[in-house]
Every structure is written in structure tokens, then in C-alpha cells.
Amino acid sequence: MEPMELIRLAIQARDFAYVPYSNYLCGAALLAANGEVFLGCNVENAAYSPTNCGERTAFFKAISNGLREFSTIAVMCGARGTEAESFEYAFPCGVCRQVMLEFCDADTFKILTARSEADYISRTLAELMPERWPTSPMFEAQDGRTLN
Ligand SMILES: [Zn+2]
């Protein structure tokens, strides 16, 4: 799948964001290794801490559908009413990066943060998390479990 196509899906997912408190809409499109795409948006809550980012929404949808291998996520965020041309690049927050690390190869998993279909930055997860909390293979080595 071409980056522009995945970004286009993230833009569509952004329309479903539930953001009555921040008015900051985020959409994400997660490409699984098998070619399936899972969309996510941010979902806010009056108590704040239950709020979920668009990236994690996409991941949890995919994981709850039985998928464990992913190649790319596209992210598109911006304040409600803002023209897309003035969007900033929105990189995933630290919590989302840690969730990605649980399921993705940091050296190959790509994160596309977009201002438009054609204007985006591509980074690997390793670039966004150069010093990482241990990944699941470390835990497998300690107790012999397979986490996938
Ligand atoms: Zn996040």
C-alpha cells in the first residue's frame, strides 16, 4: 500500500474523533503485515485519564481481531476547524510508542505523520524511541513464554 493511500485512510478516521474537551482530532490508519488496515481515532473522556489516542485505538482494534504483525501506521492530527494546510506534524505520544514497541520491530515499523496526503514525515519506531524499555522478546527469554 502506498503511503498516500494509508494517509488518506487516516484522514478519514480523523472524522470520527470524539474530542469535546480538546477539539484536537487525530486519525490513524494501521497497516498489518497481512495487508489489512485498521482505523483509529482519539476518544476523549470527561475524567481525562480514560482518553485513548487514535494510534492505540487502531492497534487495539487490530490486536483484538487476532493480528500481531504490523508494518506501518499513518497519523493525521489537527485542531477542529483548522485548515489542513496549517496542521503540524503530530508524532505519537510516548504511551502509543510503547504500545507499538510491544508488537512491532522497532527497526522496520514505520510511522508516517502527515499534514496532507503528500506532505508527511516517515520515521522508524527505533528513531522515535532510541532508548527503549525492554521489548517482549526480553520477557520471553526470562520465562520462556511466547507472547505472540
Ligand atoms: Zn498516544
# chains A, B, ... in the order shown; residues from 1 in each chain; ligands from 1
>>> residues_near_ligand(ligand="ligand 1", cutoff="9 Å", atoms="only C-alpha atoms and all ligand atoms", output="list in words")
Asn42, Asn52, Cys53, Gly54, Glu55, Arg56, Phe91, Pro92, Cys93, Gly94, Val95, Cys96 and Arg97 of chain A
>>> select_by_dssp(residues="chain A", states="strand (DSSP E)", output="PyMOL selection string")
chain A and resi 24-32+37-41+70-79+110-114+120-124
>>> write_last_selection(atoms="N, CA and C atoms", output="CSV table (one decimal), in the first residue's frame")
chain,number,residue,atom,x,y,z
A,24,TYR,N,-9.1,18.6,19.4
A,24,TYR,CA,-7.9,18.2,18.7
A,24,TYR,C,-8.2,16.8,18.1
A,25,LEU,N,-8.4,16.7,16.8
A,25,LEU,CA,-8.8,15.5,16.2
A,25,LEU,C,-7.6,14.7,15.6
A,26,CYS,N,-7.6,13.4,16.0
A,26,CYS,CA,-6.5,12.6,15.4
A,26,CYS,C,-7.1,11.4,14.7
A,27,GLY,N,-6.5,11.1,13.6
A,27,GLY,CA,-6.9,9.8,12.9
A,27,GLY,C,-5.6,9.0,12.7
A,28,ALA,N,-5.8,7.7,12.7
A,28,ALA,CA,-4.7,6.8,12.4
A,28,ALA,C,-5.2,5.6,11.6
A,29,ALA,N,-4.3,5.2,10.7
A,29,ALA,CA,-4.5,4.0,9.9
A,29,ALA,C,-3.3,3.1,10.0
A,30,LEU,N,-3.6,1.9,10.5
A,30,LEU,CA,-2.5,0.9,10.9
A,30,LEU,C,-2.6,-0.2,9.8
A,31,LEU,N,-1.5,-0.4,9.1
A,31,LEU,CA,-1.3,-1.4,8.1
A,31,LEU,C,-0.7,-2.7,8.8
A,32,ALA,N,-1.5,-3.8,8.8
A,32,ALA,CA,-1.0,-5.0,9.3
A,32,ALA,C,-0.1,-5.7,8.2
A,37,VAL,N,-6.1,-3.1,7.0
A,37,VAL,CA,-5.9,-1.8,7.6
A,37,VAL,C,-6.9,-1.6,8.7
A,38,PHE,N,-6.5,-1.1,9.9
A,38,PHE,CA,-7.3,-0.8,11.0
A,38,PHE,C,-7.3,0.7,11.3
A,39,LEU,N,-8.5,1.3,11.4
A,39,LEU,CA,-8.5,2.8,11.6
A,39,LEU,C,-8.8,3.0,13.1
A,40,GLY,N,-8.3,4.2,13.5
A,40,GLY,CA,-8.5,4.6,14.9
A,40,GLY,C,-8.6,6.1,15.0
A,41,CYS,N,-9.3,6.6,16.0
A,41,CYS,CA,-9.4,8.0,16.3
A,41,CYS,C,-9.2,8.2,17.8
A,70,PHE,N,2.7,-5.9,12.2
A,70,PHE,CA,2.3,-4.6,11.6
A,70,PHE,C,3.5,-4.0,10.9
A,71,SER,N,3.2,-3.2,9.8
A,71,SER,CA,4.3,-2.7,9.1
A,71,SER,C,4.4,-1.1,9.2
A,72,THR,N,3.2,-0.5,9.2
A,72,THR,CA,3.2,1.0,9.1
A,72,THR,C,2.0,1.5,9.7
A,73,ILE,N,2.1,2.7,10.3
A,73,ILE,CA,0.9,3.5,10.8
A,73,ILE,C,1.0,4.9,10.3
A,74,ALA,N,-0.1,5.4,9.8
A,74,ALA,CA,-0.2,6.8,9.3
A,74,ALA,C,-1.0,7.6,10.4
A,75,VAL,N,-0.6,8.8,10.7
A,75,VAL,CA,-1.2,9.6,11.7
A,75,VAL,C,-1.5,11.0,11.1
A,76,MET,N,-2.7,11.5,11.4
A,76,MET,CA,-3.0,12.8,10.9
A,76,MET,C,-3.8,13.5,12.0
A,77,CYS,N,-3.3,14.6,12.5
A,77,CYS,CA,-4.0,15.3,13.6
A,77,CYS,C,-4.1,16.8,13.3
A,78,GLY,N,-5.1,17.4,13.9
A,78,GLY,CA,-5.2,18.9,13.8
A,78,GLY,C,-6.4,19.3,14.6
A,79,ALA,N,-6.4,20.6,15.0
A,79,ALA,CA,-7.5,21.2,15.8
A,79,ALA,C,-8.7,21.3,14.9
A,110,LYS,N,7.2,1.5,10.4
A,110,LYS,CA,7.3,2.9,10.0
A,110,LYS,C,6.1,3.7,10.6
A,111,ILE,N,6.4,4.9,10.9
A,111,ILE,CA,5.4,5.9,11.4
A,111,ILE,C,5.4,7.1,10.5
A,112,LEU,N,4.2,7.3,9.8
A,112,LEU,CA,4.1,8.4,8.9
A,112,LEU,C,3.2,9.4,9.6
A,113,THR,N,3.8,10.6,9.8
A,113,THR,CA,3.0,11.7,10.4
A,113,THR,C,2.8,12.7,9.3
A,114,ALA,N,1.5,13.0,9.1
A,114,ALA,CA,1.1,13.7,7.8
A,114,ALA,C,0.5,15.0,8.1
A,120,TYR,N,4.3,14.5,4.3
A,120,TYR,CA,4.4,13.7,5.5
A,120,TYR,C,5.9,13.4,5.8
A,121,ILE,N,6.1,13.0,7.1
A,121,ILE,CA,7.5,12.6,7.5
A,121,ILE,C,7.4,11.1,7.9
A,122,SER,N,8.4,10.3,7.5
A,122,SER,CA,8.4,8.9,7.8
A,122,SER,C,9.6,8.6,8.7
A,123,ARG,N,9.3,8.0,9.8
A,123,ARG,CA,10.3,7.6,10.8
A,123,ARG,C,10.1,6.1,11.2
A,124,THR,N,11.2,5.5,11.6
A,124,THR,CA,11.0,4.2,12.2
A,124,THR,C,10.7,4.3,13.7
>>> closest_residue(among="A:Leu125, A:Val43, A:Ala118, A:Cys104", to="Asp15 (chain A)", atoms="only C-alpha atoms")
A:Val43
>>> atom_distance(atom1="CA of Ala58 (chain A)", atom2="CA of Phe87 (chain A)")
21.1 Å
>>> select_by_dssp(residues="region 5-68 of chain A", states="alpha helix (DSSP H)", output="count of residues only")
20
>>> residues_around(residues="Arg68 (chain A)", least_positions_apart="2", cutoff="10 Å", atoms="only C-alpha atoms", output="compact mmCIF listing (two decimals) with N, CA and C atoms, in the first residue's frame")
# COMPACT_ATOMS: atom_id res chain seq x y z
N ALA A 32 -1.47 -3.75 8.77
CA ALA A 32 -0.97 -5.03 9.29
C ALA A 32 -0.14 -5.72 8.21
N ALA A 33 0.69 -6.65 8.66
CA ALA A 33 1.57 -7.36 7.73
C ALA A 33 0.78 -8.14 6.67
N ASN A 34 -0.44 -8.54 7.00
CA ASN A 34 -1.25 -9.29 6.04
C ASN A 34 -2.02 -8.39 5.07
N PHE A 59 -4.41 0.15 17.05
CA PHE A 59 -3.69 -1.05 17.49
C PHE A 59 -4.61 -2.01 18.24
N ALA A 62 -6.91 -3.89 15.97
CA ALA A 62 -6.21 -4.94 15.22
C ALA A 62 -5.88 -6.13 16.11
N ILE A 63 -5.35 -5.84 17.29
CA ILE A 63 -4.94 -6.92 18.19
C ILE A 63 -6.16 -7.72 18.64
N SER A 64 -7.26 -7.03 18.88
CA SER A 64 -8.47 -7.75 19.30
C SER A 64 -9.11 -8.50 18.15
N ASN A 65 -8.61 -8.30 16.95
CA ASN A 65 -9.03 -9.10 15.79
C ASN A 65 -8.02 -10.20 15.47
N GLY A 66 -7.05 -10.38 16.34
CA GLY A 66 -6.14 -11.51 16.21
C GLY A 66 -4.84 -11.22 15.49
N PHE A 70 2.69 -5.88 12.22
CA PHE A 70 2.32 -4.63 11.58
C PHE A 70 3.51 -4.02 10.86
N GLU A 102 5.60 -3.00 21.74
CA GLU A 102 5.19 -4.34 22.18
C GLU A 102 4.94 -5.28 21.00
N PHE A 103 4.50 -4.70 19.88
CA PHE A 103 4.06 -5.54 18.76
C PHE A 103 4.86 -5.36 17.48
N CYS A 104 5.79 -4.41 17.46
CA CYS A 104 6.44 -4.08 16.20
C CYS A 104 7.95 -4.19 16.31
N LEU A 147 4.89 -14.56 23.74
CA LEU A 147 3.84 -13.56 23.95
C LEU A 147 3.00 -13.32 22.71
N ASN A 148 3.43 -13.84 21.57
CA ASN A 148 2.62 -13.64 20.37
C ASN A 148 1.57 -14.69 20.34
